[in-house]
>>> print(open('final_8.txt').read())   # compact mmCIF, C-alpha atoms
# COMPACT_ATOMS: atom_id res chain seq x y z
CA MET K 1049 8.89 -23.16 -107.88
CA VAL K 1050 8.11 -25.64 -110.67
CA PRO K 1051 10.63 -25.94 -113.55
CA GLY K 1052 8.42 -24.12 -116.08
CA GLU K 1053 8.05 -21.09 -113.84
CA LEU K 1054 11.76 -21.12 -113.07
CA TRP K 1055 12.69 -21.05 -116.77
CA ALA K 1056 10.16 -18.31 -117.47
CA LYS K 1057 11.65 -16.17 -114.69
CA LEU K 1058 15.17 -16.78 -115.99
CA ARG K 1059 14.18 -15.87 -119.55
CA ARG K 1060 12.97 -12.48 -118.37
CA THR K 1061 16.45 -11.65 -117.05
CA THR K 1062 18.46 -12.24 -120.24
CA PRO K 1063 18.23 -11.86 -124.02
CA ALA K 1064 20.00 -15.22 -124.40
CA ARG K 1065 18.04 -17.95 -126.16
CA ILE K 1066 17.19 -20.36 -123.34
CA ALA K 1067 14.18 -22.56 -122.56
CA LEU K 1068 12.80 -22.15 -126.06
CA GLY K 1069 10.48 -25.10 -125.80
CA ARG K 1070 9.82 -27.67 -128.49
CA VAL K 1071 7.19 -29.04 -130.82
CA GLY K 1072 7.87 -32.73 -131.19
CA HIS K 1073 11.61 -32.98 -131.84
CA ALA K 1074 11.94 -29.43 -133.21
CA LEU K 1075 11.91 -25.88 -131.95
CA PRO K 1076 8.63 -23.94 -132.10
CA LEU K 1077 8.16 -22.20 -135.44
CA SER K 1078 8.11 -18.76 -133.78
CA GLU K 1079 11.56 -19.37 -132.27
CA VAL K 1080 12.96 -20.58 -135.60
CA LEU K 1081 11.66 -17.49 -137.38
CA ASP K 1082 12.99 -15.21 -134.62
CA PHE K 1083 16.45 -16.77 -134.95
CA GLN K 1084 16.42 -16.38 -138.75
CA LEU K 1085 15.41 -12.72 -138.43
CA ALA K 1086 18.19 -12.02 -135.93
CA HIS K 1087 20.73 -13.75 -138.18
CA ALA K 1088 19.57 -11.75 -141.20
CA ARG K 1089 19.83 -8.48 -139.27
CA ALA K 1090 23.35 -9.34 -138.14
CA ARG K 1091 24.44 -10.16 -141.71
CA ASP K 1092 22.86 -6.97 -143.05
CA ALA K 1093 24.64 -4.90 -140.39
CA VAL K 1094 28.03 -6.31 -141.42
CA HIS K 1095 27.51 -5.74 -145.14
CA ALA K 1096 25.58 -2.44 -145.04
CA ALA K 1097 27.19 0.72 -146.41
CA LEU K 1098 27.38 3.83 -144.25
CA ASP K 1099 25.64 6.94 -145.62
CA GLY K 1100 28.25 9.52 -144.63
CA THR K 1101 26.36 12.42 -146.16
CA LYS K 1102 23.23 11.70 -144.11
CA LEU K 1103 25.28 11.25 -140.94
CA ALA K 1104 27.13 14.53 -141.54
CA ALA K 1105 23.77 16.32 -141.89
CA GLU K 1106 22.61 14.83 -138.58
CA LEU K 1107 25.77 16.13 -136.89
CA ALA K 1108 25.26 19.73 -138.06
CA PRO K 1109 26.27 22.33 -137.01
CA LEU K 1110 29.36 20.39 -135.86
CA PRO K 1111 32.11 20.61 -138.52
CA VAL K 1112 32.67 17.28 -140.28
CA LEU K 1113 35.38 15.72 -142.46
CA GLN K 1114 34.83 12.53 -144.45
CA VAL K 1115 37.67 10.10 -145.09
CA GLU K 1116 38.16 6.44 -145.98
CA SER K 1117 40.63 3.70 -145.19
CA ASP K 1118 42.82 1.93 -147.70
CA ALA K 1119 40.16 -0.76 -148.25
CA PRO K 1120 38.61 -0.04 -151.68
CA ASP K 1121 35.28 -1.80 -151.03
CA ARG K 1122 33.32 -3.60 -148.31
CA ALA K 1123 34.28 -7.10 -149.42
CA THR K 1124 37.98 -6.26 -149.30
CA TYR K 1125 37.52 -4.53 -145.95
CA LEU K 1126 36.05 -7.70 -144.43
CA ARG K 1127 38.87 -9.88 -145.80
CA ARG K 1128 41.74 -7.47 -145.07
CA PRO K 1129 41.53 -5.92 -141.58
CA ASP K 1130 44.99 -4.39 -142.07
CA LEU K 1131 43.70 -2.10 -144.84
CA GLY K 1132 41.03 -0.75 -142.53
CA ARG K 1133 43.71 0.45 -140.10
CA ARG K 1134 45.39 2.88 -142.47
CA LEU K 1135 44.19 5.91 -144.40
CA SER K 1136 43.86 6.06 -148.15
CA ALA K 1137 46.30 8.38 -149.90
CA ARG K 1138 43.52 10.91 -150.60
CA SER K 1139 42.42 10.98 -146.98
CA ALA K 1140 45.97 11.26 -145.68
CA ALA K 1141 46.50 14.27 -147.95
CA LEU K 1142 43.22 15.84 -146.79
CA LEU K 1143 44.16 15.54 -143.13
CA ALA K 1144 47.71 16.75 -143.78
CA GLU K 1145 46.43 20.28 -144.37
CA PRO K 1146 47.44 22.60 -141.50
CA GLY K 1147 44.95 22.42 -138.66
CA GLY K 1148 46.76 23.19 -135.43
CA ARG K 1149 46.36 21.35 -132.14
CA CYS K 1150 43.32 20.13 -130.18
CA ASP K 1151 42.45 18.16 -127.09
CA VAL K 1152 40.08 15.62 -128.63
CA ALA K 1153 39.49 14.18 -132.09
CA PHE K 1154 36.25 12.23 -132.59
CA VAL K 1155 36.26 9.61 -135.35
CA ILE K 1156 33.08 7.79 -136.39
CA GLY K 1157 33.89 4.49 -138.11
CA ASP K 1158 31.39 2.12 -139.71
CA GLY K 1159 33.26 -0.91 -138.34
CA LEU K 1160 31.26 -4.12 -138.45
CA SER K 1161 27.85 -2.50 -137.99
CA ALA K 1162 27.15 0.46 -140.21
CA THR K 1163 23.54 -0.08 -139.15
CA GLY K 1164 24.41 0.78 -135.55
CA VAL K 1165 26.46 3.80 -136.58
CA GLN K 1166 23.70 5.14 -138.80
CA ALA K 1167 21.13 4.72 -136.04
CA GLY K 1168 23.00 6.01 -133.00
CA ALA K 1169 26.35 7.67 -133.71
CA ALA K 1170 25.07 11.25 -134.05
CA ARG K 1171 23.29 11.16 -130.69
CA LEU K 1172 26.35 9.59 -129.04
CA VAL K 1173 28.73 12.20 -130.46
CA ARG K 1174 26.49 15.04 -129.29
CA ALA K 1175 26.33 13.55 -125.79
CA CYS K 1176 30.12 13.20 -125.72
CA VAL K 1177 30.69 16.77 -126.98
CA ASP K 1178 28.33 18.06 -124.28
CA ALA K 1179 30.32 16.16 -121.65
CA LEU K 1180 33.60 17.65 -122.91
CA GLY K 1181 32.41 21.16 -123.75
CA ASP K 1182 35.35 22.92 -122.10
CA LEU K 1183 37.95 21.10 -124.23
CA ALA K 1184 39.18 21.93 -127.74
CA ILE K 1185 37.53 19.51 -130.14
CA ALA K 1186 38.60 18.93 -133.75
CA PRO K 1187 36.11 18.57 -136.61
CA VAL K 1188 34.33 15.22 -136.37
CA VAL K 1189 35.79 12.70 -138.83
CA ILE K 1190 33.49 10.16 -140.52
CA ALA K 1191 35.59 7.22 -141.72
CA ARG K 1192 34.41 4.59 -144.20
CA ALA K 1193 35.73 1.01 -143.98
CA ALA K 1194 37.32 1.78 -140.63
CA ARG K 1195 38.90 -0.43 -138.00
CA VAL K 1196 39.57 0.86 -134.49
CA ALA K 1197 43.24 1.65 -135.16
CA LEU K 1198 42.32 4.06 -137.96
CA SER K 1199 41.84 6.64 -135.22
CA ASP K 1200 45.62 6.60 -134.63
CA PRO K 1201 46.76 8.24 -137.87
CA ILE K 1202 43.67 10.49 -137.87
CA GLY K 1203 44.28 11.69 -134.33
CA GLU K 1204 47.97 12.28 -135.06
CA ALA K 1205 47.19 14.23 -138.24
CA LEU K 1206 44.72 16.46 -136.39
CA GLY K 1207 47.19 17.14 -133.61
CA ALA K 1208 44.90 15.62 -130.98
CA ARG K 1209 46.02 14.81 -127.47
CA VAL K 1210 43.35 12.09 -127.36
CA SER K 1211 41.50 10.28 -130.14
CA VAL K 1212 38.03 8.83 -129.61
CA MET K 1213 36.83 6.21 -132.09
CA ILE K 1214 33.09 5.57 -132.12
CA ILE K 1215 32.57 2.41 -134.14
CA GLY K 1216 29.97 -0.21 -135.00
CA GLU K 1217 30.57 -3.35 -132.95
CA ARG K 1218 30.47 -6.87 -134.33
CA PRO K 1219 26.74 -7.80 -134.38
CA GLY K 1220 25.37 -10.87 -132.65
CA LEU K 1221 22.07 -12.70 -132.54
CA SER K 1222 20.69 -10.54 -129.74
CA VAL K 1223 22.05 -7.09 -130.74
CA HIS K 1224 22.94 -5.98 -134.27
CA ASP K 1225 23.27 -2.22 -133.79
CA SER K 1226 25.63 -1.78 -130.84
CA LEU K 1227 28.36 0.89 -130.71
CA GLY K 1228 31.71 0.93 -128.99
CA ILE K 1229 34.03 3.78 -127.94
CA TYR K 1230 37.82 3.39 -128.04
CA MET K 1231 39.88 6.17 -126.44
CA THR K 1232 43.64 6.52 -127.02
CA TYR K 1233 46.00 9.03 -125.44
CA ALA K 1234 48.67 10.48 -127.77
CA PRO K 1235 47.37 8.66 -130.87
CA ARG K 1236 49.88 7.60 -133.50
CA PRO K 1237 50.30 4.57 -135.79
CA GLY K 1238 51.58 1.57 -133.90
CA ARG K 1239 49.51 1.99 -130.76
CA SER K 1240 48.33 -1.35 -129.34
CA ASP K 1241 44.92 -2.32 -128.04
CA ALA K 1242 46.40 -2.38 -124.53
CA GLU K 1243 46.88 1.39 -124.86
CA ARG K 1244 43.16 2.05 -125.40
CA ASN K 1245 40.17 2.26 -123.10
CA CYS K 1246 36.95 0.71 -124.37
CA ILE K 1247 33.31 1.49 -123.54
CA SER K 1248 31.12 -1.08 -125.27
CA ASN K 1249 27.54 -2.30 -125.63
CA ILE K 1250 26.08 1.15 -126.36
CA HIS K 1251 22.61 0.72 -127.84
CA GLY K 1252 18.95 1.32 -127.13
CA ALA K 1253 17.70 -2.21 -126.43
CA GLY K 1254 18.90 -2.74 -122.89
CA GLY K 1255 22.48 -1.60 -123.43
CA LEU K 1256 24.40 1.42 -122.18
CA SER K 1257 22.68 4.67 -123.12
CA PRO K 1258 24.61 7.35 -125.08
CA GLU K 1259 24.38 9.68 -122.10
CA GLU K 1260 25.78 7.07 -119.70
CA ALA K 1261 28.59 6.26 -122.13
CA ALA K 1262 29.38 9.97 -122.52
CA ARG K 1263 29.65 10.42 -118.75
CA THR K 1264 32.07 7.52 -118.51
CA LEU K 1265 34.11 8.83 -121.44
CA GLY K 1266 34.23 12.30 -119.89
CA TRP K 1267 35.75 10.92 -116.69
CA LEU K 1268 38.22 8.63 -118.48
CA LEU K 1269 39.32 11.28 -120.95
CA ARG K 1270 39.99 13.93 -118.32
CA GLU K 1271 41.97 11.39 -116.33
CA ALA K 1272 43.90 10.44 -119.48
CA LEU K 1273 44.85 14.08 -120.01
CA ARG K 1274 45.80 14.50 -116.36
CA ARG K 1275 47.84 11.30 -116.10
CA GLU K 1276 49.07 11.37 -119.71
CA LEU K 1277 48.16 7.77 -120.44
CA SER K 1278 45.32 5.46 -121.47
CA GLY K 1279 44.68 1.73 -121.68
CA VAL K 1280 45.31 -0.91 -119.04
CA ALA K 1281 47.04 1.62 -116.77
CA LEU K 1282 43.85 3.72 -116.57
CA LYS K 1283 40.96 2.11 -114.69
CA ASP K 1284 37.42 3.40 -114.38
CA ASP K 1285 37.48 3.77 -110.61
CA GLN K 1286 35.17 6.75 -110.35
CA THR K 1287 32.68 6.77 -107.49
CA PRO K 1288 29.45 4.97 -108.52
CA ALA K 1289 26.43 7.19 -109.06
CA LEU K 1290 24.39 5.07 -106.63
CA PRO K 1291 25.67 3.76 -103.28
CA PHE K 1292 26.32 0.05 -103.03
CA GLU K 1293 23.59 -1.77 -101.16
CA ASP K 1294 25.07 -4.39 -98.85
CA GLN K 1295 22.88 -7.45 -99.11
CA SER K 1296 25.03 -9.73 -96.98
CA PRO K 1297 23.28 -11.33 -94.00
CA ALA K 1298 23.56 -9.46 -90.70
>>> encode(input="final_8.txt", output="structure tokens")
Amino acid sequence: MVPGELWAKLRRTTPARIALGRVGHALPLSEVLDFQLAHARARDAVHAALDGTKLAAELAPLPVLQVESDAPDRATYLRRPDLGRRLSARSAALLAEPGGRCDVAFVIGDGLSATGVQAGAARLVRACVDALGDLAIAPVVIARAARVALSDPIGEALGARVSVMIIGERPGLSVHDSLGIYMTYAPRPGRSDAERNCISNIHGAGGLSPEEAARTLGWLLREALRRELSGVALKDDQTPALPFEDQSPA
């Protein structure tokens, strides 16, 4: 295989920017423009504001609560990650109203890609609810200016055995609208990242589909309830859907 064919075959297997070619000493104009577009989309995803009202309408008839973190605006949120991990006083008071106990509390946070949340969170939540239909599920919480750990005080306030944060992941130059799921058993402030399970890279352009992510979450969450733990002590060791094909030489 000649080098040009080899690079072309390799390019078809990855979204990474490889073997872009050149015109003189520069990249081809099409590749430069593609890079600038990807960079602009990533920046827009980070700075975009989440339309909570529209998202709540897409989630109907599921009950929805809207809250915000202690970050007063997007610029502060980006500079102060600590403020995105705790509830505002208004939101804390809202969630303090008596609500009983539940098995699961879903939290949708804008994170670092409100674009991804706006595009795919409703479908993902519905797929997850379908996978957990026999469990008691709290009203879905939409959280503005949220970091992952904001699901801890929310889950505790709702009396949830497990909190599930669906959040916009940090965008890159190949994907700007990816979602991640972070599951925490017995949520409460002070939980560490080691006590969470993560399902990432959920998006429509070659990533994990919402339905696949929901199936994985369903297995992990039921195991978390059974074993009463989450995080590094809980591994996704479920039987693969397809048998492994041994390609080793005979």
>>> closest_residue(input="final_8.txt", among="K:Leu1172, K:Ala1191, K:Ala1242, K:Ile1202", to="Leu1265 (chain K)", atoms="all atoms listed in the file")
K:Leu1172
>>> atom_distance(input="final_8.txt", atom1="CA of Ala1093 (chain K)", atom2="CA of His1224 (chain K)")
6.4 Å
>>> residues_near_point(input="final_8.txt", point="(49.3, 7.2, -137.2)", cutoff="7 Å", atoms="all atoms listed in the file", output="list in words")
Asp1200, Pro1201, Ile1202, Glu1204, Pro1235, Arg1236, Pro1237 and Gly1238 of chain K
>>> atom_distance(input="final_8.txt", atom1="CA of Asp1121 (chain K)", atom2="CA of Asn1245 (chain K)")
28.6 Å
>>> closest_atom_pairs(input="final_8.txt", of="region 1131-1166 of chain K", to="region 1227-1231 of chain K", cutoff="9 Å", atoms="all atoms listed in the file", output="Markdown table")
| residue | atom | partner | partner_atom | distance |
| --- | --- | --- | --- | --- |
| K:Ser1161 | CA | K:Leu1227 | CA | 8.0 |
| K:Gly1164 | CA | K:Leu1227 | CA | 6.2 |
| K:Val1165 | CA | K:Leu1227 | CA | 6.8 |
>>> write_last_selection(input="final_8.txt", atoms="C-alpha atoms", output="short mmCIF file (atom, residue, chain, number, x, y, z; two decimals), in the frame of the given file")
data_model
loop_
_atom_site.label_atom_id
_atom_site.label_comp_id
_atom_site.auth_asym_id
_atom_site.auth_seq_id
_atom_site.Cartn_x
_atom_site.Cartn_y
_atom_site.Cartn_z
CA SER K 1161 27.85 -2.50 -137.99
CA GLY K 1164 24.41 0.78 -135.55
CA VAL K 1165 26.46 3.80 -136.58
#
>>> closest_residue(input="final_8.txt", among="K:Ala1179, K:Gly1157, K:Ala1272, K:Leu1256", to="Val1210 (chain K)", atoms="all atoms listed in the file")
K:Ala1272
>>> atom_distance(input="final_8.txt", atom1="CA of Pro1076 (chain K)", atom2="CA of Arg1059 (chain K)")
15.9 Å
>>> residues_around(input="final_8.txt", residues="region 1273-1284 of chain K", least_positions_apart="5", cutoff="12 Å", atoms="only C-alpha atoms", output="ChimeraX atom specification")
/K:1150-1152,1183,1208-1212,1230-1235,1239-1247,1263-1268
>>> write_last_selection(input="final_8.txt", atoms="C-alpha atoms", output="PDB file, in the coordinates of the input")
ATOM      1  CA  CYS K1150      43.320  20.130-130.180  1.00  0.00           C
ATOM      2  CA  ASP K1151      42.450  18.160-127.090  1.00  0.00           C
ATOM      3  CA  VAL K1152      40.080  15.620-128.630  1.00  0.00           C
ATOM      4  CA  LEU K1183      37.950  21.100-124.230  1.00  0.00           C
ATOM      5  CA  ALA K1208      44.900  15.620-130.980  1.00  0.00           C
ATOM      6  CA  ARG K1209      46.020  14.810-127.470  1.00  0.00           C
ATOM      7  CA  VAL K1210      43.350  12.090-127.360  1.00  0.00           C
ATOM      8  CA  SER K1211      41.500  10.280-130.140  1.00  0.00           C
ATOM      9  CA  VAL K1212      38.030   8.830-129.610  1.00  0.00           C
ATOM     10  CA  TYR K1230      37.820   3.390-128.040  1.00  0.00           C
ATOM     11  CA  MET K1231      39.880   6.170-126.440  1.00  0.00           C
ATOM     12  CA  THR K1232      43.640   6.520-127.020  1.00  0.00           C
ATOM     13  CA  TYR K1233      46.000   9.030-125.440  1.00  0.00           C
ATOM     14  CA  ALA K1234      48.670  10.480-127.770  1.00  0.00           C
ATOM     15  CA  PRO K1235      47.370   8.660-130.870  1.00  0.00           C
ATOM     16  CA  ARG K1239      49.510   1.990-130.760  1.00  0.00           C
ATOM     17  CA  SER K1240      48.330  -1.350-129.340  1.00  0.00           C
ATOM     18  CA  ASP K1241      44.920  -2.320-128.040  1.00  0.00           C
ATOM     19  CA  ALA K1242      46.400  -2.380-124.530  1.00  0.00           C
ATOM     20  CA  GLU K1243      46.880   1.390-124.860  1.00  0.00           C
ATOM     21  CA  ARG K1244      43.160   2.050-125.400  1.00  0.00           C
ATOM     22  CA  ASN K1245      40.170   2.260-123.100  1.00  0.00           C
ATOM     23  CA  CYS K1246      36.950   0.710-124.370  1.00  0.00           C
ATOM     24  CA  ILE K1247      33.310   1.490-123.540  1.00  0.00           C
ATOM     25  CA  ARG K1263      29.650  10.420-118.750  1.00  0.00           C
ATOM     26  CA  THR K1264      32.070   7.520-118.510  1.00  0.00           C
ATOM     27  CA  LEU K1265      34.110   8.830-121.440  1.00  0.00           C
ATOM     28  CA  GLY K1266      34.230  12.300-119.890  1.00  0.00           C
ATOM     29  CA  TRP K1267      35.750  10.920-116.690  1.00  0.00           C
ATOM     30  CA  LEU K1268      38.220   8.630-118.480  1.00  0.00           C
TER      31      LEU K1268
END
>>> residues_around(input="final_8.txt", residues="Arg1171 (chain K)", least_positions_apart="5", cutoff="9 Å", atoms="all atoms listed in the file", output="list in words")
Glu1106, Leu1107, Cys1176, Pro1258 and Glu1259 of chain K
>>> write_last_selection(input="final_8.txt", atoms="C-alpha atoms", output="tab-separated table (two decimals), in the frame of the given file")
chain	number	residue	atom	x	y	z
K	1106	GLU	CA	22.61	14.83	-138.58
K	1107	LEU	CA	25.77	16.13	-136.89
K	1176	CYS	CA	30.12	13.20	-125.72
K	1258	PRO	CA	24.61	7.35	-125.08
K	1259	GLU	CA	24.38	9.68	-122.10
>>> residues_near_point(input="final_8.txt", point="(11.5, -22.6, -131.4)", cutoff="7 Å", atoms="all atoms listed in the file", output="number ranges by chain")
K: 1068-1070, 1075-1080
>>> residues_around(input="final_8.txt", residues="His1095 (chain K)", least_positions_apart="2", cutoff="8 Å", atoms="all atoms listed in the file", output="PyMOL selection string")
chain K and resi 1091-1093+1097+1122+1160-1162
>>> closest_residue(input="final_8.txt", among="K:Ala1169, K:Leu1206, K:Leu1221, K:Val1188", to="Asp1082 (chain K)", atoms="all atoms listed in the file")
K:Leu1221
>>> closest_residue(input="final_8.txt", among="K:Leu1110, K:Ala1067, K:Leu1135, K:Ile1215", to="Leu1198 (chain K)", atoms="all atoms listed in the file")
K:Leu1135
>>> closest_residue(input="final_8.txt", among="K:Gly1207, K:Gly1252, K:Pro1187, K:Gly1072", to="Ala1144 (chain K)", atoms="all atoms listed in the file")
K:Gly1207
>>> closest_residue(input="final_8.txt", among="K:Ser1248, K:Ala1193, K:Leu1058, K:Gly1181", to="Arg1127 (chain K)", atoms="all atoms listed in the file")
K:Ala1193
>>> build_atoms(input="final_8.txt", residues="region 1059-1071 of chain K", atoms="N, CA and C atoms", output="PDB file, in the coordinates of the input")
ATOM      1  N   ARG K1059      14.241 -16.463-118.219  1.00  0.00           N
ATOM      2  CA  ARG K1059      14.180 -15.870-119.550  1.00  0.00           C
ATOM      3  C   ARG K1059      13.956 -14.365-119.508  1.00  0.00           C
ATOM      4  N   ARG K1060      13.235 -13.915-118.484  1.00  0.00           N
ATOM      5  CA  ARG K1060      12.970 -12.480-118.370  1.00  0.00           C
ATOM      6  C   ARG K1060      14.198 -11.676-117.963  1.00  0.00           C
ATOM      7  N   THR K1061      15.245 -12.354-117.527  1.00  0.00           N
ATOM      8  CA  THR K1061      16.450 -11.650-117.050  1.00  0.00           C
ATOM      9  C   THR K1061      17.552 -11.572-118.099  1.00  0.00           C
ATOM     10  N   THR K1062      17.376 -12.194-119.259  1.00  0.00           N
ATOM     11  CA  THR K1062      18.460 -12.240-120.240  1.00  0.00           C
ATOM     12  C   THR K1062      17.911 -12.308-121.659  1.00  0.00           C
ATOM     13  N   PRO K1063      18.633 -11.715-122.621  1.00  0.00           N
ATOM     14  CA  PRO K1063      18.230 -11.860-124.020  1.00  0.00           C
ATOM     15  C   PRO K1063      18.729 -13.160-124.648  1.00  0.00           C
ATOM     16  N   ALA K1064      19.478 -13.960-123.875  1.00  0.00           N
ATOM     17  CA  ALA K1064      20.000 -15.220-124.400  1.00  0.00           C
ATOM     18  C   ALA K1064      18.843 -16.165-124.749  1.00  0.00           C
ATOM     19  N   ARG K1065      19.074 -17.019-125.715  1.00  0.00           N
ATOM     20  CA  ARG K1065      18.040 -17.950-126.160  1.00  0.00           C
ATOM     21  C   ARG K1065      18.091 -19.210-125.290  1.00  0.00           C
ATOM     22  N   ILE K1066      17.258 -19.232-124.256  1.00  0.00           N
ATOM     23  CA  ILE K1066      17.190 -20.360-123.340  1.00  0.00           C
ATOM     24  C   ILE K1066      15.735 -20.774-123.170  1.00  0.00           C
ATOM     25  N   ALA K1067      15.537 -22.047-122.820  1.00  0.00           N
ATOM     26  CA  ALA K1067      14.180 -22.560-122.560  1.00  0.00           C
ATOM     27  C   ALA K1067      13.227 -22.203-123.685  1.00  0.00           C
ATOM     28  N   LEU K1068      13.606 -22.541-124.904  1.00  0.00           N
ATOM     29  CA  LEU K1068      12.800 -22.150-126.060  1.00  0.00           C
ATOM     30  C   LEU K1068      11.582 -23.045-126.257  1.00  0.00           C
ATOM     31  N   GLY K1069      11.587 -24.179-125.611  1.00  0.00           N
ATOM     32  CA  GLY K1069      10.480 -25.100-125.800  1.00  0.00           C
ATOM     33  C   GLY K1069      10.684 -25.980-127.028  1.00  0.00           C
ATOM     34  N   ARG K1070       9.723 -26.812-127.311  1.00  0.00           N
ATOM     35  CA  ARG K1070       9.820 -27.670-128.490  1.00  0.00           C
ATOM     36  C   ARG K1070       8.440 -28.091-128.957  1.00  0.00           C
ATOM     37  N   VAL K1071       8.389 -28.459-130.220  1.00  0.00           N
ATOM     38  CA  VAL K1071       7.190 -29.040-130.820  1.00  0.00           C
ATOM     39  C   VAL K1071       7.643 -30.354-131.437  1.00  0.00           C
TER      40      VAL K1071
END
